[in-house]
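Listing of final28.txt; format and content: compact mmCIF, N, CA and C atoms.
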# COMPACT_ATOMS: atom_id res chain seq x y z
N MET A 1 -9.76 -4.94 10.17
CA MET A 1 -8.60 -4.50 9.43
C MET A 1 -7.48 -4.08 10.39
N TYR A 2 -7.84 -3.66 11.60
CA TYR A 2 -6.83 -3.19 12.56
C TYR A 2 -5.73 -4.22 12.79
N SER A 3 -6.12 -5.46 13.05
CA SER A 3 -5.11 -6.47 13.37
C SER A 3 -4.18 -6.76 12.20
N GLU A 4 -4.66 -6.59 10.97
CA GLU A 4 -3.83 -6.87 9.80
C GLU A 4 -2.77 -5.80 9.56
N ILE A 5 -3.10 -4.56 9.88
CA ILE A 5 -2.14 -3.48 9.61
C ILE A 5 -1.58 -2.82 10.86
N GLY A 6 -2.17 -3.08 12.00
CA GLY A 6 -1.68 -2.49 13.23
C GLY A 6 -2.05 -1.03 13.39
N TYR A 7 -3.20 -0.65 12.84
CA TYR A 7 -3.62 0.74 12.95
C TYR A 7 -5.13 0.83 12.99
N GLU A 8 -5.64 1.67 13.87
CA GLU A 8 -7.08 1.93 13.96
C GLU A 8 -7.34 3.37 13.53
N PHE A 9 -8.17 3.54 12.53
CA PHE A 9 -8.44 4.85 11.96
C PHE A 9 -9.25 5.73 12.90
N GLU A 10 -8.86 7.00 12.96
CA GLU A 10 -9.65 8.03 13.64
C GLU A 10 -10.82 8.43 12.75
N ASN A 11 -10.50 8.67 11.47
CA ASN A 11 -11.50 9.07 10.49
C ASN A 11 -11.80 7.87 9.59
N LEU A 12 -12.89 7.21 9.85
CA LEU A 12 -13.23 6.00 9.11
C LEU A 12 -13.55 6.28 7.64
N GLN A 13 -13.83 7.53 7.31
CA GLN A 13 -14.09 7.87 5.90
C GLN A 13 -12.86 7.62 5.05
N TYR A 14 -11.67 7.89 5.58
CA TYR A 14 -10.44 7.60 4.84
C TYR A 14 -10.35 6.11 4.53
N LEU A 15 -10.61 5.29 5.52
CA LEU A 15 -10.55 3.85 5.33
C LEU A 15 -11.60 3.39 4.32
N GLU A 16 -12.81 3.89 4.47
CA GLU A 16 -13.89 3.50 3.56
C GLU A 16 -13.54 3.85 2.11
N THR A 17 -13.00 5.02 1.91
CA THR A 17 -12.61 5.44 0.57
C THR A 17 -11.47 4.58 0.03
N ALA A 18 -10.49 4.29 0.86
CA ALA A 18 -9.35 3.47 0.44
C ALA A 18 -9.79 2.07 0.01
N LEU A 19 -10.86 1.58 0.61
CA LEU A 19 -11.31 0.21 0.32
C LEU A 19 -12.38 0.16 -0.77
N THR A 20 -12.62 1.28 -1.47
CA THR A 20 -13.67 1.35 -2.48
C THR A 20 -13.09 1.49 -3.88
N HIS A 21 -13.21 0.44 -4.65
CA HIS A 21 -12.73 0.43 -6.04
C HIS A 21 -13.67 1.24 -6.92
N SER A 22 -13.15 1.78 -7.99
CA SER A 22 -13.96 2.60 -8.90
C SER A 22 -15.13 1.81 -9.49
N SER A 23 -15.00 0.51 -9.67
CA SER A 23 -16.09 -0.29 -10.22
C SER A 23 -17.30 -0.29 -9.29
N TYR A 24 -17.05 -0.22 -7.99
CA TYR A 24 -18.15 -0.18 -7.03
C TYR A 24 -18.89 1.15 -7.12
N VAL A 25 -18.14 2.24 -7.21
CA VAL A 25 -18.75 3.56 -7.31
C VAL A 25 -19.54 3.68 -8.61
N ASN A 26 -18.99 3.14 -9.69
CA ASN A 26 -19.67 3.19 -10.99
C ASN A 26 -21.01 2.46 -10.96
N GLU A 27 -21.10 1.40 -10.19
CA GLU A 27 -22.34 0.61 -10.11
C GLU A 27 -23.28 1.09 -9.01
N ASN A 28 -22.81 1.98 -8.16
CA ASN A 28 -23.62 2.47 -7.04
C ASN A 28 -23.59 3.99 -7.04
N SER A 29 -24.34 4.59 -7.95
CA SER A 29 -24.32 6.04 -8.09
C SER A 29 -24.69 6.72 -6.77
N GLY A 30 -24.02 7.79 -6.51
CA GLY A 30 -24.26 8.53 -5.28
C GLY A 30 -23.52 7.97 -4.09
N PHE A 31 -22.69 6.94 -4.29
CA PHE A 31 -21.98 6.34 -3.16
C PHE A 31 -20.93 7.27 -2.58
N GLY A 32 -20.15 7.88 -3.41
CA GLY A 32 -19.06 8.72 -2.91
C GLY A 32 -17.81 8.52 -3.74
N GLU A 33 -16.67 8.66 -3.11
CA GLU A 33 -15.39 8.59 -3.80
C GLU A 33 -14.88 7.16 -3.93
N ASN A 34 -14.08 6.95 -4.99
CA ASN A 34 -13.33 5.70 -5.09
C ASN A 34 -11.91 5.96 -4.57
N ASN A 35 -11.09 4.95 -4.59
CA ASN A 35 -9.77 5.04 -3.96
C ASN A 35 -8.65 5.58 -4.85
N GLN A 36 -8.97 6.06 -6.04
CA GLN A 36 -7.91 6.45 -6.97
C GLN A 36 -7.08 7.65 -6.50
N ARG A 37 -7.70 8.64 -5.90
CA ARG A 37 -6.92 9.78 -5.40
C ARG A 37 -6.02 9.37 -4.23
N LEU A 38 -6.56 8.52 -3.36
CA LEU A 38 -5.73 8.03 -2.25
C LEU A 38 -4.59 7.16 -2.76
N GLU A 39 -4.83 6.43 -3.83
CA GLU A 39 -3.76 5.62 -4.45
C GLU A 39 -2.62 6.52 -4.92
N PHE A 40 -2.98 7.63 -5.54
CA PHE A 40 -2.00 8.61 -6.02
C PHE A 40 -1.14 9.11 -4.86
N LEU A 41 -1.79 9.49 -3.77
CA LEU A 41 -1.08 9.98 -2.59
C LEU A 41 -0.24 8.86 -1.97
N GLY A 42 -0.85 7.71 -1.80
CA GLY A 42 -0.16 6.59 -1.16
C GLY A 42 1.08 6.15 -1.92
N ASP A 43 1.03 6.20 -3.23
CA ASP A 43 2.19 5.86 -4.05
C ASP A 43 3.37 6.76 -3.72
N ALA A 44 3.11 8.06 -3.61
CA ALA A 44 4.17 9.02 -3.29
C ALA A 44 4.70 8.82 -1.87
N VAL A 45 3.81 8.59 -0.93
CA VAL A 45 4.22 8.38 0.46
C VAL A 45 5.05 7.10 0.58
N LEU A 46 4.61 6.04 -0.07
CA LEU A 46 5.34 4.77 -0.07
C LEU A 46 6.74 4.96 -0.64
N GLU A 47 6.84 5.63 -1.78
CA GLU A 47 8.15 5.87 -2.40
C GLU A 47 9.07 6.64 -1.45
N LEU A 48 8.53 7.66 -0.80
CA LEU A 48 9.34 8.46 0.12
C LEU A 48 9.85 7.61 1.27
N ILE A 49 8.97 6.84 1.88
CA ILE A 49 9.36 6.02 3.04
C ILE A 49 10.41 4.98 2.66
N ILE A 50 10.18 4.29 1.57
CA ILE A 50 11.13 3.25 1.16
C ILE A 50 12.44 3.87 0.70
N THR A 51 12.37 4.99 0.01
CA THR A 51 13.59 5.68 -0.43
C THR A 51 14.43 6.10 0.78
N GLU A 52 13.79 6.69 1.77
CA GLU A 52 14.52 7.11 2.97
C GLU A 52 15.14 5.91 3.68
N GLU A 53 14.38 4.85 3.82
CA GLU A 53 14.88 3.64 4.49
C GLU A 53 16.12 3.09 3.78
N LEU A 54 16.05 2.98 2.48
CA LEU A 54 17.19 2.47 1.71
C LEU A 54 18.37 3.44 1.77
N PHE A 55 18.11 4.73 1.66
CA PHE A 55 19.15 5.75 1.69
C PHE A 55 19.92 5.73 3.02
N LEU A 56 19.19 5.69 4.12
CA LEU A 56 19.82 5.77 5.44
C LEU A 56 20.51 4.49 5.86
N ASN A 57 20.07 3.36 5.33
CA ASN A 57 20.62 2.08 5.78
C ASN A 57 21.56 1.41 4.80
N ASN A 58 21.90 2.11 3.72
CA ASN A 58 22.82 1.58 2.73
C ASN A 58 23.75 2.70 2.26
N LEU A 59 24.55 3.19 3.18
CA LEU A 59 25.37 4.37 2.93
C LEU A 59 26.39 4.17 1.83
N ASP A 60 26.78 2.94 1.56
CA ASP A 60 27.79 2.68 0.54
C ASP A 60 27.20 2.44 -0.85
N PHE A 61 25.89 2.49 -0.98
CA PHE A 61 25.24 2.25 -2.28
C PHE A 61 25.09 3.55 -3.05
N ARG A 62 25.35 3.47 -4.33
CA ARG A 62 25.15 4.62 -5.22
C ARG A 62 23.68 4.71 -5.63
N GLU A 63 23.36 5.82 -6.27
CA GLU A 63 21.98 6.10 -6.66
C GLU A 63 21.37 4.99 -7.50
N GLY A 64 22.10 4.48 -8.47
CA GLY A 64 21.57 3.44 -9.36
C GLY A 64 21.16 2.18 -8.61
N LYS A 65 22.00 1.75 -7.68
CA LYS A 65 21.69 0.55 -6.90
C LYS A 65 20.50 0.80 -5.97
N LEU A 66 20.46 1.99 -5.37
CA LEU A 66 19.33 2.33 -4.51
C LEU A 66 18.02 2.35 -5.30
N SER A 67 18.06 2.89 -6.50
CA SER A 67 16.86 2.93 -7.35
C SER A 67 16.38 1.53 -7.70
N LYS A 68 17.30 0.64 -8.02
CA LYS A 68 16.93 -0.74 -8.35
C LYS A 68 16.31 -1.45 -7.14
N LEU A 69 16.89 -1.24 -5.98
CA LEU A 69 16.34 -1.85 -4.77
C LEU A 69 14.93 -1.31 -4.49
N ARG A 70 14.78 0.01 -4.60
CA ARG A 70 13.47 0.61 -4.35
C ARG A 70 12.43 0.07 -5.32
N SER A 71 12.79 -0.07 -6.58
CA SER A 71 11.82 -0.55 -7.56
C SER A 71 11.38 -1.98 -7.25
N LYS A 72 12.26 -2.78 -6.69
CA LYS A 72 11.88 -4.14 -6.29
C LYS A 72 10.91 -4.12 -5.10
N VAL A 73 11.14 -3.23 -4.17
CA VAL A 73 10.32 -3.17 -2.96
C VAL A 73 8.92 -2.65 -3.25
N VAL A 74 8.81 -1.69 -4.17
CA VAL A 74 7.51 -1.07 -4.44
C VAL A 74 6.90 -1.55 -5.76
N SER A 75 7.43 -2.61 -6.32
CA SER A 75 6.88 -3.14 -7.57
C SER A 75 5.46 -3.65 -7.35
N GLU A 76 4.74 -3.77 -8.43
CA GLU A 76 3.36 -4.28 -8.38
C GLU A 76 3.31 -5.65 -7.71
N GLN A 77 4.23 -6.53 -8.07
CA GLN A 77 4.23 -7.88 -7.50
C GLN A 77 4.58 -7.88 -6.02
N ALA A 78 5.53 -7.04 -5.63
CA ALA A 78 5.90 -6.95 -4.22
C ALA A 78 4.74 -6.43 -3.38
N LEU A 79 4.06 -5.40 -3.88
CA LEU A 79 2.92 -4.84 -3.14
C LEU A 79 1.74 -5.81 -3.14
N TYR A 80 1.58 -6.56 -4.21
CA TYR A 80 0.54 -7.58 -4.28
C TYR A 80 0.73 -8.63 -3.17
N LYS A 81 1.97 -9.02 -2.95
CA LYS A 81 2.26 -9.98 -1.87
C LYS A 81 1.85 -9.42 -0.51
N VAL A 82 2.13 -8.15 -0.30
CA VAL A 82 1.75 -7.51 0.97
C VAL A 82 0.23 -7.47 1.09
N ALA A 83 -0.44 -7.09 0.01
CA ALA A 83 -1.91 -7.00 0.03
C ALA A 83 -2.53 -8.37 0.32
N LYS A 84 -1.96 -9.41 -0.26
CA LYS A 84 -2.47 -10.76 0.01
C LYS A 84 -2.19 -11.17 1.45
N LYS A 85 -1.03 -10.80 1.95
CA LYS A 85 -0.65 -11.15 3.32
C LYS A 85 -1.63 -10.58 4.35
N ILE A 86 -2.12 -9.37 4.09
CA ILE A 86 -3.06 -8.75 5.03
C ILE A 86 -4.51 -8.99 4.61
N ASP A 87 -4.69 -9.81 3.57
CA ASP A 87 -6.03 -10.18 3.07
C ASP A 87 -6.85 -8.95 2.71
N LEU A 88 -6.22 -8.02 2.02
CA LEU A 88 -6.86 -6.75 1.68
C LEU A 88 -8.11 -6.95 0.83
N GLY A 89 -8.08 -7.93 -0.06
CA GLY A 89 -9.23 -8.18 -0.93
C GLY A 89 -10.51 -8.48 -0.17
N ALA A 90 -10.39 -9.06 1.01
CA ALA A 90 -11.57 -9.40 1.81
C ALA A 90 -12.29 -8.16 2.33
N PHE A 91 -11.60 -7.03 2.37
CA PHE A 91 -12.17 -5.80 2.91
C PHE A 91 -12.63 -4.83 1.83
N MET A 92 -12.26 -5.12 0.59
CA MET A 92 -12.54 -4.21 -0.52
C MET A 92 -13.99 -4.23 -0.96
N ARG A 93 -14.43 -3.10 -1.51
CA ARG A 93 -15.73 -3.00 -2.18
C ARG A 93 -15.46 -2.96 -3.67
N PHE A 94 -15.92 -3.96 -4.37
CA PHE A 94 -15.77 -4.04 -5.82
C PHE A 94 -17.13 -4.08 -6.47
N GLY A 95 -17.19 -3.63 -7.71
CA GLY A 95 -18.39 -3.81 -8.51
C GLY A 95 -18.50 -5.27 -8.92
N LYS A 96 -19.64 -5.63 -9.43
CA LYS A 96 -19.89 -7.03 -9.81
C LYS A 96 -18.90 -7.52 -10.86
N GLY A 97 -18.46 -6.63 -11.73
CA GLY A 97 -17.51 -7.02 -12.76
C GLY A 97 -16.14 -7.38 -12.22
N GLU A 98 -15.78 -6.84 -11.09
CA GLU A 98 -14.47 -7.10 -10.47
C GLU A 98 -14.54 -8.16 -9.39
N PHE A 99 -15.73 -8.43 -8.89
CA PHE A 99 -15.87 -9.33 -7.74
C PHE A 99 -15.41 -10.74 -8.06
N LYS A 100 -14.62 -11.29 -7.18
CA LYS A 100 -14.16 -12.68 -7.29
C LYS A 100 -14.50 -13.37 -5.98
N ALA A 101 -15.24 -14.43 -6.07
CA ALA A 101 -15.70 -15.14 -4.87
C ALA A 101 -14.53 -15.65 -4.02
N ASP A 102 -13.43 -16.00 -4.67
CA ASP A 102 -12.31 -16.56 -3.91
C ASP A 102 -11.37 -15.49 -3.37
N GLY A 103 -11.64 -14.22 -3.66
CA GLY A 103 -10.82 -13.14 -3.13
C GLY A 103 -9.49 -12.95 -3.85
N ASN A 104 -9.27 -13.65 -4.95
CA ASN A 104 -8.02 -13.53 -5.70
C ASN A 104 -8.16 -12.48 -6.79
N TYR A 105 -7.89 -11.25 -6.46
CA TYR A 105 -7.95 -10.16 -7.40
C TYR A 105 -6.58 -10.01 -8.05
N GLY A 106 -6.54 -9.34 -9.17
CA GLY A 106 -5.29 -9.15 -9.89
C GLY A 106 -4.27 -8.32 -9.12
N ALA A 107 -3.02 -8.51 -9.52
CA ALA A 107 -1.92 -7.82 -8.85
C ALA A 107 -2.06 -6.31 -8.97
N ALA A 108 -2.46 -5.81 -10.12
CA ALA A 108 -2.57 -4.36 -10.31
C ALA A 108 -3.63 -3.77 -9.39
N ILE A 109 -4.78 -4.41 -9.33
CA ILE A 109 -5.87 -3.91 -8.50
C ILE A 109 -5.47 -3.92 -7.03
N MET A 110 -4.84 -4.99 -6.58
CA MET A 110 -4.51 -5.10 -5.17
C MET A 110 -3.34 -4.22 -4.77
N SER A 111 -2.36 -4.06 -5.65
CA SER A 111 -1.25 -3.17 -5.31
C SER A 111 -1.74 -1.72 -5.26
N ASP A 112 -2.65 -1.37 -6.17
CA ASP A 112 -3.25 -0.03 -6.13
C ASP A 112 -4.05 0.18 -4.84
N ALA A 113 -4.77 -0.84 -4.42
CA ALA A 113 -5.56 -0.75 -3.19
C ALA A 113 -4.66 -0.56 -1.97
N LEU A 114 -3.52 -1.25 -1.97
CA LEU A 114 -2.58 -1.09 -0.87
C LEU A 114 -2.03 0.33 -0.84
N GLU A 115 -1.72 0.88 -2.00
CA GLU A 115 -1.26 2.27 -2.04
C GLU A 115 -2.34 3.22 -1.54
N ALA A 116 -3.59 2.95 -1.88
CA ALA A 116 -4.69 3.79 -1.38
C ALA A 116 -4.79 3.69 0.14
N LEU A 117 -4.61 2.50 0.67
CA LEU A 117 -4.64 2.32 2.12
C LEU A 117 -3.51 3.11 2.79
N ILE A 118 -2.34 3.10 2.18
CA ILE A 118 -1.21 3.86 2.71
C ILE A 118 -1.53 5.35 2.68
N GLY A 119 -2.13 5.82 1.60
CA GLY A 119 -2.54 7.22 1.52
C GLY A 119 -3.54 7.58 2.60
N ALA A 120 -4.46 6.67 2.87
CA ALA A 120 -5.47 6.90 3.91
C ALA A 120 -4.84 6.97 5.30
N ILE A 121 -3.90 6.09 5.56
CA ILE A 121 -3.21 6.10 6.85
C ILE A 121 -2.43 7.41 7.01
N TYR A 122 -1.77 7.82 5.94
CA TYR A 122 -1.01 9.07 5.97
C TYR A 122 -1.91 10.26 6.32
N LEU A 123 -3.06 10.36 5.68
CA LEU A 123 -3.98 11.47 5.98
C LEU A 123 -4.51 11.40 7.41
N ASP A 124 -4.73 10.20 7.88
CA ASP A 124 -5.32 10.01 9.20
C ASP A 124 -4.31 10.15 10.33
N ALA A 125 -3.08 9.71 10.10
CA ALA A 125 -2.12 9.63 11.20
C ALA A 125 -0.83 10.42 11.00
N GLY A 126 -0.56 10.87 9.80
CA GLY A 126 0.69 11.58 9.54
C GLY A 126 1.81 10.66 9.12
N LEU A 127 2.93 11.27 8.79
CA LEU A 127 4.05 10.53 8.21
C LEU A 127 4.72 9.57 9.18
N CYS A 128 4.92 9.96 10.41
CA CYS A 128 5.65 9.12 11.37
C CYS A 128 4.96 7.77 11.56
N LYS A 129 3.68 7.78 11.84
CA LYS A 129 2.94 6.53 12.04
C LYS A 129 2.86 5.73 10.74
N THR A 130 2.66 6.42 9.62
CA THR A 130 2.60 5.74 8.33
C THR A 130 3.91 5.03 8.04
N LYS A 131 5.01 5.69 8.35
CA LYS A 131 6.33 5.10 8.13
C LYS A 131 6.47 3.81 8.94
N GLU A 132 6.07 3.84 10.18
CA GLU A 132 6.13 2.65 11.04
C GLU A 132 5.33 1.49 10.42
N ILE A 133 4.14 1.78 9.96
CA ILE A 133 3.27 0.75 9.39
C ILE A 133 3.84 0.23 8.08
N VAL A 134 4.25 1.13 7.20
CA VAL A 134 4.78 0.73 5.90
C VAL A 134 6.02 -0.14 6.07
N LEU A 135 6.93 0.27 6.94
CA LEU A 135 8.16 -0.51 7.13
C LEU A 135 7.83 -1.89 7.71
N ASN A 136 6.85 -1.95 8.57
CA ASN A 136 6.43 -3.25 9.10
C ASN A 136 5.83 -4.11 7.99
N LEU A 137 4.95 -3.54 7.19
CA LEU A 137 4.31 -4.29 6.11
C LEU A 137 5.30 -4.71 5.02
N CYS A 138 6.28 -3.87 4.76
CA CYS A 138 7.22 -4.12 3.65
C CYS A 138 8.55 -4.73 4.09
N ARG A 139 8.67 -5.10 5.35
CA ARG A 139 9.94 -5.62 5.85
C ARG A 139 10.44 -6.80 5.02
N GLU A 140 9.56 -7.76 4.70
CA GLU A 140 9.98 -8.91 3.89
C GLU A 140 10.42 -8.48 2.51
N ASN A 141 9.73 -7.53 1.91
CA ASN A 141 10.11 -7.03 0.58
C ASN A 141 11.47 -6.34 0.63
N LEU A 142 11.72 -5.57 1.68
CA LEU A 142 13.01 -4.91 1.82
C LEU A 142 14.13 -5.94 1.95
N THR A 143 13.92 -6.94 2.77
CA THR A 143 14.91 -7.99 2.96
C THR A 143 15.15 -8.76 1.67
N ALA A 144 14.08 -9.13 0.98
CA ALA A 144 14.19 -9.89 -0.27
C ALA A 144 14.93 -9.07 -1.33
N ALA A 145 14.62 -7.79 -1.44
CA ALA A 145 15.27 -6.93 -2.44
C ALA A 145 16.77 -6.82 -2.15
N PHE A 146 17.11 -6.70 -0.89
CA PHE A 146 18.52 -6.55 -0.52
C PHE A 146 19.31 -7.82 -0.80
N PHE A 147 18.74 -8.98 -0.48
CA PHE A 147 19.46 -10.24 -0.64
C PHE A 147 19.37 -10.82 -2.05
N ASN A 148 18.45 -10.29 -2.87
CA ASN A 148 18.31 -10.77 -4.24
C ASN A 148 18.71 -9.70 -5.25
N ARG A 149 19.75 -8.97 -4.94
CA ARG A 149 20.17 -7.89 -5.82
C ARG A 149 20.89 -8.50 -6.95
In structure tokens, what does this structure look like?
Amino acid sequence: MYSEIGYEFENLQYLETALTHSSYVNENSGFGENNQRLEFLGDAVLELIITEELFLNNLDFREGKLSKLRSKVVSEQALYKVAKKIDLGAFMRFGKGEFKADGNYGAAIMSDALEALIGAIYLDAGLCKTKEIVLNLCRENLTAAFFNR
């Protein structure tokens, strides 16, 4: 996973939790946590990073335009593209009901998993490193949102 995101975890438990879907935990009692809490955290961290990036680099844009751009960058479909780009599905633990042999999981599941991964990176490395990684991962989404306004 290091080469896909450019980060090596100090605490592998964060990574393991981020890559564990609730369906896996439901089918493997006693396993531990699923990624839903990290998804909650990662969503907030992602919004903050993208909001700051748009705010600082588009000084002539009003709040409404900035909000529209941000929603494009952090939309389910935009995050799904990032998750597919780093092949996140190949690293995930899913229950049998969610497992897909071809690795093509739904956009909602994969965008949530990406947010969980962002939350895990934030806990492991702090905001500065997370910002670097998120901006690298979302660079294409930022560019696309700006040019397709």
Excluding A:Gly97 and residues on its chain fewer than 4 positions from it, collect all residues at most 12 Å away from it, counting only C-alpha atoms, and give them as a list in words.
-> His21, Ser22, Ser23, Tyr24, Val25, Asn26, Glu27, Arg93, Ala101 and Tyr105 of chain A
Per residue of stretch 46-122 of chain A within 8 Å of stretch 28-38 of chain A, record the nearest atom pair and its distance in Å to one decimal, counting only C-alpha atoms, with rows in chain order and ascending residue number, as a tab-separated table.
residue	atom	partner	partner_atom	distance
A:Ala113	CA	A:Asn35	CA	7.2
A:Glu115	CA	A:Leu38	CA	7.3
A:Ala116	CA	A:Leu38	CA	4.5
A:Leu117	CA	A:Leu38	CA	7.3
A:Ile118	CA	A:Leu38	CA	7.9
A:Gly119	CA	A:Leu38	CA	5.0
A:Ala120	CA	A:Leu38	CA	6.3
Leaving out stretch 83-90 of chain A and any residue of its chain fewer than 2 positions from it, which residues lie within 6.5 Å of it when counting only N, CA and C atoms, given as a ChimeraX atom specification?
-> /A:4-5,78-81,92,103,105,110-111,114
Tell me, which residues of chain A carry DSSP alpha helix (DSSP H), written as a ChimeraX atom specification?
-> /A:2-5,12-18,22-27,36-57,63-73,76-85,107-125,127-147
Measure the distance from atom CA of A:Asn58 to atom CA of A:Leu41 in Å and round it to one decimal.
->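 According to the coordinates, atom CA of A:Asn58 and atom CA of A:Leu41 are separated by 25.9 Å.
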What is the atom C of A:Glu47 to atom CA of A:Asp112 distance in Å?
->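 So the two atoms, atom C of A:Glu47 and atom CA of A:Asp112, lie 14.8 Å apart.
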How far is it from atom CA of A:Leu127 to atom CA of A:Leu54, in Å with one decimal?
->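 Computing it gives 16.7 Å between the two atoms.
Nearest residue to A:Lys65, choosing from A:Asn141, A:Asn11, A:Thr51, A:Asn136 and counting only C-alpha atoms: A:Thr51.
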Selecting C-alpha atoms, how would stretch 1-30 of chain A from this structure be written as a PDB file, in the first residue's frame?
ATOM      1  CA  MET A   1       0.000   0.000   0.000  1.00  0.00           C
ATOM      2  CA  TYR A   2       2.984   2.324   0.596  1.00  0.00           C
ATOM      3  CA  SER A   3       3.747   2.832  -3.083  1.00  0.00           C
ATOM      4  CA  GLU A   4       0.111   3.637  -3.899  1.00  0.00           C
ATOM      5  CA  ILE A   5      -0.264   6.397  -1.326  1.00  0.00           C
ATOM      6  CA  GLY A   6       3.302   7.427  -0.572  1.00  0.00           C
ATOM      7  CA  TYR A   7       3.081   6.740   3.133  1.00  0.00           C
ATOM      8  CA  GLU A   8       4.290   3.995   5.461  1.00  0.00           C
ATOM      9  CA  PHE A   9       2.315   3.617   8.688  1.00  0.00           C
ATOM     10  CA  GLU A  10       4.009   3.722  12.079  1.00  0.00           C
ATOM     11  CA  ASN A  11       0.961   2.146  13.721  1.00  0.00           C
ATOM     12  CA  LEU A  12      -0.237  -0.647  11.460  1.00  0.00           C
ATOM     13  CA  GLN A  13      -3.418  -1.005  13.530  1.00  0.00           C
ATOM     14  CA  TYR A  14      -4.710   2.230  11.991  1.00  0.00           C
ATOM     15  CA  LEU A  15      -4.140   0.845   8.512  1.00  0.00           C
ATOM     16  CA  GLU A  16      -5.681  -2.521   9.377  1.00  0.00           C
ATOM     17  CA  THR A  17      -8.789  -0.848  10.748  1.00  0.00           C
ATOM     18  CA  ALA A  18      -9.084   1.493   7.753  1.00  0.00           C
ATOM     19  CA  LEU A  19      -9.009  -1.493   5.404  1.00  0.00           C
ATOM     20  CA  THR A  20     -11.669  -3.488   7.307  1.00  0.00           C
ATOM     21  CA  HIS A  21     -15.265  -3.175   6.127  1.00  0.00           C
ATOM     22  CA  SER A  22     -18.090  -3.751   8.601  1.00  0.00           C
ATOM     23  CA  SER A  23     -19.204  -6.847   6.652  1.00  0.00           C
ATOM     24  CA  TYR A  24     -15.887  -8.511   7.473  1.00  0.00           C
ATOM     25  CA  VAL A  25     -16.206  -7.775  11.187  1.00  0.00           C
ATOM     26  CA  ASN A  26     -19.813  -9.013  11.176  1.00  0.00           C
ATOM     27  CA  GLU A  27     -18.708 -12.353   9.707  1.00  0.00           C
ATOM     28  CA  ASN A  28     -15.599 -12.685  11.888  1.00  0.00           C
ATOM     29  CA  SER A  29     -16.678 -12.154  15.477  1.00  0.00           C
ATOM     30  CA  GLY A  30     -13.925 -11.033  17.773  1.00  0.00           C
TER      31      GLY A  30
END
